[in-house]
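Participant: Below you'll find the structure I mean.
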Amino acid sequence: MIIGIMSVNGVDFHPNKRFIEAAIHSGHKIQLINPYALICTMDMGDKGFAQSANFSMDLPGLVPHVVLPRQGSPMGEYGFVLLRHFVKMKIPLVNGIEGVTIAKNQYITLQTLGGAGIKVPDTCFITRAACFFKAVDHLGGFPVIAKQVDGMGGDGVVKIETRTQAASFLDAHLNALKGMLVQKFIPPKDRQDVRLLVVGGRLAGAMVLAPLPGDFRANIHQNGRATAIDPPKEWVDLAVEAVRACRLEIAGVDMIVEKGGRPLVVEVNYSPGFRGLEAATGRDIAQEIIEYVTVVTLNKKIAR
Ligand SMILES: Nc1ncnc2c1ncn2[C@@H]1O[C@H](COP(=O)(O)OP(=O)(O)O)[C@@H](O)[C@H]1O
Ligand SMILES: [Mg+2]
């Protein structure tokens with residue numbers, strides 16, 4: 001099977017490298033698809049609008065049997081054009097467009113989770129500086145966390161402690177066309193950060209992450225320290241439910257567990273990296289993802 005991976009990164013990028021190894025191991029082939037190198041064509045044929053269009057793309061190799069969108073939150077509008085084009089070409093996507101749309105924007109993710117009755121941190125969404133200060137009041141005062149809707153790896157997540165700091169931060173970073181999240185700050189000493197990876201409705205691996213001293217962000221990308229865990233069933237059920245609510249099949253779920261409390265779901269990543277998780281757990285995450293993708297793709301083909 002040819003598995004397309006839509007990614008701006010090359011063969012040396014950890015997940016891509018590991019997917020290639022896993023695919024070779026099980027007799028499949030990975031085709032990296034750089035979204036910036038594609039031309040979509042829509043041929044209306046001789047009969048013009050009387051017949052439906054024939055969709056094609058100048059792909060680097062054969063037409064893949066399935067495509068994994070793996071551009072993370074920064075994917076722009078054009079990315080959805082490409083994904084819809086794949087669908088028109090009858091190429092299944094894992095994850096699909098609905099899930100990518102939800103997970104690409106962190107506030108839409110929290111809206112979706114909240115609507116499904118899943119606990120999330122107290123959060124406001126703002127588009128103007130004046131609203132930021134109302135949000136701070138609403139959340140009980142400083143400090144607060146400001147987050148870009150499309151941040152990744154802890155970049156774009158900032159702790160704001162004063163009005164002066166807020167004013168210069170908003171001046172530099174608030175884009176009214178995108179908006180921003182303002183969230184209640186949960187101090188590191190009162191919480192545990194957990195990442196659970198869900199593949200096809202099942203847990204593929206879990207780890208606890210601890211921020212570096214002086215930082216509050218526990219991301220691996222920010223040199224957070226990872227330890228594998230065997231999470232309680234309640235956390236696993238919550239992660240599986242969060243992924244389902246976000247219409248995803250493969251996703252990394254970030255949770256904050258407050259002291260003695262129930263977990264809050266902070267984020268659902270539709271194209272999670274797994275270097276830290278493979279290192280911490282010793283599990284072959286790439287193989288689990290490739291196996292899941294090939295089985296669902298075969299089942300979809302049989303069902304058609
Ligand atoms: N409300 C919060 N209070 C304190 N720390 C937070 C809060 N939200 C996120 N963090 C920390 O920042 C990290 C990054 O935040 P997250 O929302 O997952 O964004 P990213 O997409 O950049 O990973 C989290 O893993 C957590 O350690
Ligand atoms: Mg995160």
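To be explicit about the labels: the chains of the structure tokens are called A, B, and onward in the order shown, and within each one the residues are counted from 1, while ligands get numbers from 1 in the order they are shown.
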What are the closest atom pairs, with distances in Å to one decimal, for all residues of chain A lying within 6 Å of ligand 2? Consider only C-alpha atoms and all ligand atoms, order rows by chain and residue number, and present the result as a tab-separated table.
Facilitator:
residue	atom	partner	partner_atom_place_in_ligand_line	distance
A:Gly153	CA	ligand 2	1 (Mg)	5.9
A:Asp254	CA	ligand 2	1 (Mg)	5.6
A:Glu267	CA	ligand 2	1 (Mg)	5.7
Participant: Suppose we keep C-alpha atoms; can you now write the selection as a short mmCIF file (atom, residue, chain, number, x, y, z; two decimals), in the first residue's frame?
Facilitator:
data_model
loop_
_atom_site.label_atom_id
_atom_site.label_comp_id
_atom_site.auth_asym_id
_atom_site.auth_seq_id
_atom_site.Cartn_x
_atom_site.Cartn_y
_atom_site.Cartn_z
CA GLY A 153 5.17 22.56 20.95
CA ASP A 254 -2.66 16.81 26.40
CA GLU A 267 -5.31 20.16 23.68
#
Participant: For the interface of chain A with ligand 1 (cut-off 9 Å, counting only C-alpha atoms and all ligand atoms), please tabulate each contacting residue of chain A alongside its nearest pair of atoms and their separation in Å to one decimal, rows sorted by chain and increasing number, as a Markdown table.
Facilitator:
| residue | atom | partner | partner_atom_place_in_ligand_line | distance |
| --- | --- | --- | --- | --- |
| A:Ser73 | CA | ligand 1 | 21 (O) | 8.0 |
| A:Gln106 | CA | ligand 1 | 17 (O) | 7.5 |
| A:Pro121 | CA | ligand 1 | 1 (N) | 6.2 |
| A:Asp122 | CA | ligand 1 | 1 (N) | 7.8 |
| A:Thr123 | CA | ligand 1 | 1 (N) | 8.1 |
| A:Val144 | CA | ligand 1 | 1 (N) | 7.3 |
| A:Ile145 | CA | ligand 1 | 1 (N) | 5.6 |
| A:Ala146 | CA | ligand 1 | 1 (N) | 8.5 |
| A:Lys147 | CA | ligand 1 | 17 (O) | 7.1 |
| A:Gln148 | CA | ligand 1 | 22 (O) | 8.2 |
| A:Val149 | CA | ligand 1 | 21 (O) | 8.3 |
| A:Asp150 | CA | ligand 1 | 21 (O) | 7.2 |
| A:Gly151 | CA | ligand 1 | 22 (O) | 4.8 |
| A:Met152 | CA | ligand 1 | 22 (O) | 3.7 |
| A:Gly153 | CA | ligand 1 | 22 (O) | 4.1 |
| A:Gly154 | CA | ligand 1 | 22 (O) | 3.1 |
| A:Asp155 | CA | ligand 1 | 22 (O) | 5.2 |
| A:Gly156 | CA | ligand 1 | 22 (O) | 6.2 |
| A:Val157 | CA | ligand 1 | 22 (O) | 5.9 |
| A:Val158 | CA | ligand 1 | 12 (O) | 8.2 |
| A:Lys159 | CA | ligand 1 | 4 (C) | 7.9 |
| A:Val182 | CA | ligand 1 | 1 (N) | 8.4 |
| A:Gln183 | CA | ligand 1 | 1 (N) | 5.1 |
| A:Lys184 | CA | ligand 1 | 1 (N) | 5.1 |
| A:Phe185 | CA | ligand 1 | 3 (N) | 3.8 |
| A:Ile186 | CA | ligand 1 | 3 (N) | 3.8 |
| A:Pro187 | CA | ligand 1 | 4 (C) | 5.6 |
| A:Pro188 | CA | ligand 1 | 4 (C) | 6.6 |
| A:Arg191 | CA | ligand 1 | 4 (C) | 8.5 |
| A:Gln192 | CA | ligand 1 | 27 (O) | 8.4 |
| A:Asp193 | CA | ligand 1 | 27 (O) | 5.8 |
| A:Val194 | CA | ligand 1 | 25 (O) | 7.8 |
| A:Arg195 | CA | ligand 1 | 25 (O) | 8.2 |
| A:Leu209 | CA | ligand 1 | 27 (O) | 7.6 |
| A:Ala210 | CA | ligand 1 | 27 (O) | 7.6 |
| A:Pro211 | CA | ligand 1 | 27 (O) | 6.7 |
| A:Asp215 | CA | ligand 1 | 27 (O) | 8.8 |
| A:Phe216 | CA | ligand 1 | 5 (N) | 5.5 |
| A:Arg217 | CA | ligand 1 | 27 (O) | 3.7 |
| A:Ala218 | CA | ligand 1 | 27 (O) | 3.8 |
| A:Asn219 | CA | ligand 1 | 25 (O) | 5.2 |
| A:Ile220 | CA | ligand 1 | 25 (O) | 8.8 |
| A:His221 | CA | ligand 1 | 23 (O) | 8.6 |
| A:Gln222 | CA | ligand 1 | 13 (C) | 8.9 |
| A:Gly224 | CA | ligand 1 | 27 (O) | 8.5 |
| A:Val253 | CA | ligand 1 | 18 (O) | 8.6 |
| A:Asp254 | CA | ligand 1 | 18 (O) | 5.8 |
| A:Met255 | CA | ligand 1 | 25 (O) | 7.5 |
| A:Ile256 | CA | ligand 1 | 26 (C) | 7.1 |
| A:Val266 | CA | ligand 1 | 17 (O) | 5.4 |
| A:Glu267 | CA | ligand 1 | 18 (O) | 5.2 |
| A:Val268 | CA | ligand 1 | 18 (O) | 8.0 |
| A:Asn269 | CA | ligand 1 | 21 (O) | 7.5 |
Participant: Deliver the residues from the most recent selection as a file, using N, CA and C atoms, as a short mmCIF file (atom, residue, chain, number, x, y, z; two decimals), in the first residue's frame.
Facilitator:
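The new file part34.cif reads:
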data_model
loop_
_atom_site.label_atom_id
_atom_site.label_comp_id
_atom_site.auth_asym_id
_atom_site.auth_seq_id
_atom_site.Cartn_x
_atom_site.Cartn_y
_atom_site.Cartn_z
N SER A 73 -0.95 22.52 13.48
CA SER A 73 -1.84 23.68 13.54
C SER A 73 -1.51 24.78 12.53
N GLN A 106 -7.03 25.69 18.43
CA GLN A 106 -7.17 25.22 19.82
C GLN A 106 -8.47 25.68 20.48
N PRO A 121 -9.79 23.58 30.70
CA PRO A 121 -9.46 24.72 31.58
C PRO A 121 -10.40 25.91 31.30
N ASP A 122 -10.62 26.75 32.32
CA ASP A 122 -11.43 27.96 32.12
C ASP A 122 -10.74 28.81 31.05
N THR A 123 -11.46 29.10 29.99
CA THR A 123 -10.85 29.74 28.81
C THR A 123 -11.77 30.78 28.21
N VAL A 144 -2.46 35.01 33.87
CA VAL A 144 -3.24 34.19 32.93
C VAL A 144 -2.28 33.64 31.88
N ILE A 145 -2.78 32.69 31.13
CA ILE A 145 -2.02 32.14 30.01
C ILE A 145 -2.64 32.69 28.73
N ALA A 146 -1.81 33.24 27.85
CA ALA A 146 -2.29 33.64 26.52
C ALA A 146 -1.77 32.60 25.53
N LYS A 147 -2.66 32.16 24.65
CA LYS A 147 -2.27 31.10 23.71
C LYS A 147 -2.74 31.44 22.32
N GLN A 148 -1.85 31.24 21.35
CA GLN A 148 -2.28 31.36 19.96
C GLN A 148 -3.17 30.17 19.63
N VAL A 149 -4.15 30.38 18.74
CA VAL A 149 -5.05 29.27 18.37
C VAL A 149 -4.32 28.19 17.58
N ASP A 150 -3.18 28.57 16.97
CA ASP A 150 -2.47 27.61 16.12
C ASP A 150 -1.02 27.41 16.57
N GLY A 151 -0.78 27.51 17.87
CA GLY A 151 0.58 27.27 18.40
C GLY A 151 0.89 25.78 18.42
N MET A 152 2.17 25.47 18.56
CA MET A 152 2.59 24.06 18.61
C MET A 152 3.83 23.93 19.47
N GLY A 153 3.94 22.85 20.20
CA GLY A 153 5.17 22.56 20.95
C GLY A 153 5.47 23.54 22.06
N GLY A 154 4.44 24.26 22.52
CA GLY A 154 4.64 25.22 23.61
C GLY A 154 5.00 26.61 23.11
N ASP A 155 5.33 26.73 21.81
CA ASP A 155 5.59 28.07 21.25
C ASP A 155 4.23 28.76 21.14
N GLY A 156 4.15 30.00 21.48
CA GLY A 156 2.86 30.70 21.41
C GLY A 156 2.03 30.55 22.67
N VAL A 157 2.62 29.95 23.73
CA VAL A 157 1.93 29.83 25.02
C VAL A 157 2.72 30.68 26.03
N VAL A 158 2.09 31.74 26.52
CA VAL A 158 2.82 32.72 27.33
C VAL A 158 2.05 33.01 28.62
N LYS A 159 2.82 33.16 29.71
CA LYS A 159 2.21 33.54 30.99
C LYS A 159 2.26 35.06 31.10
N VAL A 182 -7.37 33.07 26.16
CA VAL A 182 -6.90 33.54 27.46
C VAL A 182 -7.39 32.50 28.46
N GLN A 183 -6.44 31.97 29.24
CA GLN A 183 -6.77 30.82 30.08
C GLN A 183 -6.30 31.03 31.51
N LYS A 184 -7.03 30.46 32.42
CA LYS A 184 -6.63 30.51 33.83
C LYS A 184 -5.28 29.80 33.97
N PHE A 185 -4.36 30.39 34.70
CA PHE A 185 -3.03 29.77 34.89
C PHE A 185 -3.10 28.72 35.99
N ILE A 186 -2.60 27.54 35.66
CA ILE A 186 -2.55 26.46 36.67
C ILE A 186 -1.08 26.23 37.00
N PRO A 187 -0.61 26.60 38.22
CA PRO A 187 0.83 26.53 38.54
C PRO A 187 1.35 25.09 38.44
N PRO A 188 2.60 24.92 37.94
CA PRO A 188 3.17 23.58 37.78
C PRO A 188 3.16 22.75 39.05
N ARG A 191 -0.02 20.62 39.61
CA ARG A 191 -0.58 19.84 38.51
C ARG A 191 0.41 18.81 37.98
N GLN A 192 -0.14 17.90 37.17
CA GLN A 192 0.67 16.95 36.43
C GLN A 192 0.30 17.10 34.95
N ASP A 193 1.29 17.13 34.07
CA ASP A 193 1.00 17.22 32.63
C ASP A 193 1.11 15.83 32.03
N VAL A 194 0.10 15.45 31.29
CA VAL A 194 0.06 14.10 30.74
C VAL A 194 -0.19 14.16 29.24
N ARG A 195 0.48 13.31 28.49
CA ARG A 195 0.21 13.15 27.05
C ARG A 195 -0.22 11.70 26.82
N LEU A 209 4.79 14.53 31.71
CA LEU A 209 5.82 15.48 31.30
C LEU A 209 6.03 16.50 32.41
N ALA A 210 7.29 16.80 32.69
CA ALA A 210 7.58 17.82 33.71
C ALA A 210 8.34 18.97 33.06
N PRO A 211 7.91 20.23 33.32
CA PRO A 211 8.62 21.35 32.72
C PRO A 211 10.03 21.51 33.30
N ASP A 215 10.28 27.05 33.94
CA ASP A 215 9.30 27.11 32.86
C ASP A 215 7.99 26.50 33.38
N PHE A 216 6.88 26.81 32.73
CA PHE A 216 5.62 26.18 33.13
C PHE A 216 5.11 25.26 32.03
N ARG A 217 5.79 25.28 30.85
CA ARG A 217 5.36 24.47 29.72
C ARG A 217 6.11 23.14 29.73
N ALA A 218 5.34 22.07 29.68
CA ALA A 218 5.96 20.76 29.85
C ALA A 218 6.26 20.07 28.52
N ASN A 219 6.14 20.80 27.40
CA ASN A 219 6.34 20.16 26.09
C ASN A 219 7.75 19.58 25.94
N ILE A 220 7.85 18.47 25.24
CA ILE A 220 9.15 17.88 24.88
C ILE A 220 9.98 18.92 24.11
N HIS A 221 9.29 19.65 23.23
CA HIS A 221 9.93 20.69 22.41
C HIS A 221 10.59 21.77 23.29
N GLN A 222 10.09 21.95 24.50
CA GLN A 222 10.68 22.92 25.44
C GLN A 222 11.58 22.20 26.45
N GLY A 224 10.93 19.50 28.12
CA GLY A 224 10.23 18.87 29.23
C GLY A 224 10.73 17.43 29.40
N VAL A 253 -3.40 13.58 23.04
CA VAL A 253 -4.25 14.36 23.94
C VAL A 253 -3.41 14.88 25.09
N ASP A 254 -3.37 16.20 25.27
CA ASP A 254 -2.66 16.81 26.40
C ASP A 254 -3.66 17.06 27.51
N MET A 255 -3.30 16.58 28.70
CA MET A 255 -4.18 16.81 29.85
C MET A 255 -3.38 17.45 30.97
N ILE A 256 -4.09 18.23 31.77
CA ILE A 256 -3.52 18.73 33.02
C ILE A 256 -4.35 18.10 34.14
N VAL A 266 -6.52 19.76 27.66
CA VAL A 266 -5.97 21.06 27.28
C VAL A 266 -5.88 21.19 25.76
N GLU A 267 -5.57 20.09 25.11
CA GLU A 267 -5.31 20.16 23.68
C GLU A 267 -5.44 18.78 23.04
N VAL A 268 -5.88 18.76 21.78
CA VAL A 268 -5.90 17.50 21.02
C VAL A 268 -5.13 17.76 19.72
N ASN A 269 -4.02 17.04 19.54
CA ASN A 269 -3.14 17.25 18.38
C ASN A 269 -3.47 16.24 17.29
#
Participant: Neighbours of Ala204 (chain A) within 10 Å (only C-alpha atoms; same-chain residues fewer than 6 positions away dropped), as number ranges by chain?
Facilitator: A: 196-198, 250-252, 277, 281, 283-285, 288-289
Participant: Filtering to C-alpha atoms, could you give me those residues as a CSV table (one decimal), in the first residue's frame?
Facilitator:
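Written output follows (out17.csv):
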chain,number,residue,atom,x,y,z
A,196,LEU,CA,-1.9,10.2,25.9
A,197,LEU,CA,-1.6,9.0,22.3
A,198,VAL,CA,-4.8,7.5,20.9
A,250,ILE,CA,-5.1,9.3,15.6
A,251,ALA,CA,-4.4,12.1,18.1
A,252,GLY,CA,-2.2,13.2,21.0
A,277,LEU,CA,6.8,8.9,23.6
A,281,THR,CA,7.8,3.9,26.5
A,283,ARG,CA,7.0,1.2,22.1
A,284,ASP,CA,7.0,1.3,18.3
A,285,ILE,CA,4.4,4.0,17.9
A,288,GLU,CA,1.1,1.0,15.5
A,289,ILE,CA,0.0,4.0,13.4
Participant: Find the residues near region 7-24 of chain A: any atom within 8 Å, counting only C-alpha atoms, skip ones fewer than 3 places away on the same chain, and give them as a PDB file with N, CA and C atoms, in the first residue's frame.
Facilitator:
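Listed below is the output, result_5.pdb:
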ATOM      1  N   GLY A  27       6.072  -3.957   4.502  1.00  0.00           N
ATOM      2  CA  GLY A  27       5.843  -4.125   3.060  1.00  0.00           C
ATOM      3  C   GLY A  27       5.032  -3.014   2.411  1.00  0.00           C
ATOM      4  N   HIS A  28       4.984  -1.840   3.031  1.00  0.00           N
ATOM      5  CA  HIS A  28       4.264  -0.705   2.441  1.00  0.00           C
ATOM      6  C   HIS A  28       5.274   0.362   2.006  1.00  0.00           C
ATOM      7  N   LYS A  29       4.712   1.440   1.431  1.00  0.00           N
ATOM      8  CA  LYS A  29       5.610   2.488   0.960  1.00  0.00           C
ATOM      9  C   LYS A  29       5.078   3.844   1.426  1.00  0.00           C
ATOM     10  N   ILE A  30       5.985   4.674   1.900  1.00  0.00           N
ATOM     11  CA  ILE A  30       5.592   6.035   2.285  1.00  0.00           C
ATOM     12  C   ILE A  30       5.929   6.990   1.152  1.00  0.00           C
ATOM     13  N   LEU A  32       6.144  10.953   0.739  1.00  0.00           N
ATOM     14  CA  LEU A  32       6.032  12.269   1.382  1.00  0.00           C
ATOM     15  C   LEU A  32       5.471  13.260   0.368  1.00  0.00           C
ATOM     16  N   ILE A  33       4.439  13.977   0.774  1.00  0.00           N
ATOM     17  CA  ILE A  33       3.785  14.925  -0.129  1.00  0.00           C
ATOM     18  C   ILE A  33       3.943  16.321   0.450  1.00  0.00           C
ATOM     19  N   ASN A  34       4.781  17.112  -0.185  1.00  0.00           N
ATOM     20  CA  ASN A  34       4.971  18.488   0.279  1.00  0.00           C
ATOM     21  C   ASN A  34       3.847  19.351  -0.295  1.00  0.00           C
ATOM     22  N   PRO A  35       3.004  19.914   0.570  1.00  0.00           N
ATOM     23  CA  PRO A  35       1.843  20.651   0.076  1.00  0.00           C
ATOM     24  C   PRO A  35       2.218  21.838  -0.800  1.00  0.00           C
ATOM     25  N   TYR A  36       3.442  22.344  -0.619  1.00  0.00           N
ATOM     26  CA  TYR A  36       3.839  23.513  -1.409  1.00  0.00           C
ATOM     27  C   TYR A  36       4.308  23.143  -2.815  1.00  0.00           C
ATOM     28  N   PRO A  69      -2.836  13.710   6.748  1.00  0.00           N
ATOM     29  CA  PRO A  69      -2.482  15.132   6.862  1.00  0.00           C
ATOM     30  C   PRO A  69      -1.640  15.323   8.120  1.00  0.00           C
ATOM     31  N   ARG A  70      -0.404  15.821   7.957  1.00  0.00           N
ATOM     32  CA  ARG A  70       0.470  15.947   9.134  1.00  0.00           C
ATOM     33  C   ARG A  70       1.206  17.280   9.129  1.00  0.00           C
ATOM     34  N   GLN A  71       0.408  18.348   9.043  1.00  0.00           N
ATOM     35  CA  GLN A  71       1.038  19.665   9.031  1.00  0.00           C
ATOM     36  C   GLN A  71       0.865  20.418  10.332  1.00  0.00           C
ATOM     37  N   GLY A 273       3.699  14.417  17.146  1.00  0.00           N
ATOM     38  CA  GLY A 273       5.039  13.826  17.081  1.00  0.00           C
ATOM     39  C   GLY A 273       5.085  12.714  18.129  1.00  0.00           C
ATOM     40  N   PHE A 274       6.076  11.815  18.010  1.00  0.00           N
ATOM     41  CA  PHE A 274       6.112  10.727  18.998  1.00  0.00           C
ATOM     42  C   PHE A 274       7.543  10.313  19.339  1.00  0.00           C
ATOM     43  N   ARG A 275       8.497  11.188  19.129  1.00  0.00           N
ATOM     44  CA  ARG A 275       9.882  10.884  19.496  1.00  0.00           C
ATOM     45  C   ARG A 275       9.989  10.658  21.007  1.00  0.00           C
ATOM     46  N   ALA A 286       5.322   4.288  15.590  1.00  0.00           N
ATOM     47  CA  ALA A 286       5.203   4.418  14.128  1.00  0.00           C
ATOM     48  C   ALA A 286       4.529   3.172  13.549  1.00  0.00           C
ATOM     49  N   GLN A 287       4.961   2.002  14.026  1.00  0.00           N
ATOM     50  CA  GLN A 287       4.390   0.748  13.527  1.00  0.00           C
ATOM     51  C   GLN A 287       2.901   0.651  13.866  1.00  0.00           C
ATOM     52  N   ILE A 290       1.032   2.933  11.447  1.00  0.00           N
ATOM     53  CA  ILE A 290       1.011   2.374  10.072  1.00  0.00           C
ATOM     54  C   ILE A 290       0.053   1.179  10.011  1.00  0.00           C
TER      55      ILE A 290
END
Participant: Taking only region 111-169 of chain A into account, list the residues labelled strand (DSSP E or B) by DSSP (computed from the backbone), as a list in words.
Facilitator: Thr123, Cys124, Phe125, Ile126, Val144, Ile145, Ala146, Lys147, Gln148, Val149, Asp150, Gly151, Met152, Asp155, Gly156, Val157, Val158, Lys159 and Ile160 of chain A
Participant: Quick one: of A:Gly72, A:Glu98, A:Asp46, A:Asn105, who's nearest to Arg84 (chain A), counting only C-alpha atoms?
Facilitator: A:Glu98
Participant: Determine which residues of region 40-267 of chain A DSSP labels as alpha helix (DSSP H) from the backbone of this structure, then write them out as a ChimeraX atom specification.
Facilitator: /A:77-88,97-103,106-115,129-138,163-173,233-245
Participant: Rounded to one decimal in Å, what is the spacing between CA of Tyr292 (chain A) and CA of Thr109 (chain A)?
Facilitator: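 CA of Thr109 (chain A) lies 23.6 Å from CA of Tyr292 (chain A).
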Participant: With only C-alpha atoms as the counted atoms, please give the residues lying no more than 9 Å from Gly201 (chain A), apart from itself and same-chain residues fewer than 6 positions off, as a PyMOL selection string.
Facilitator: chain A and resi 240-241+243-244+249-250
Participant: From the list A:Ala228, A:Ile118, A:Val293, A:Ile126, which residue is nearest Ala280 (chain A) when using only C-alpha atoms?
Facilitator: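 Nearest to Ala280 (chain A): A:Ala228.
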Participant: For Pro263 (chain A), which of A:Leu212, A:Leu174, A:Val199, A:Val120 is the closest residue, counting only C-alpha atoms?
Facilitator: A:Val120
Participant: For CA of Lys88 (chain A) and CA of Val67 (chain A), quote the distance in Å rounded to one decimal.
Facilitator: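 These atoms are spaced 12.7 Å apart.
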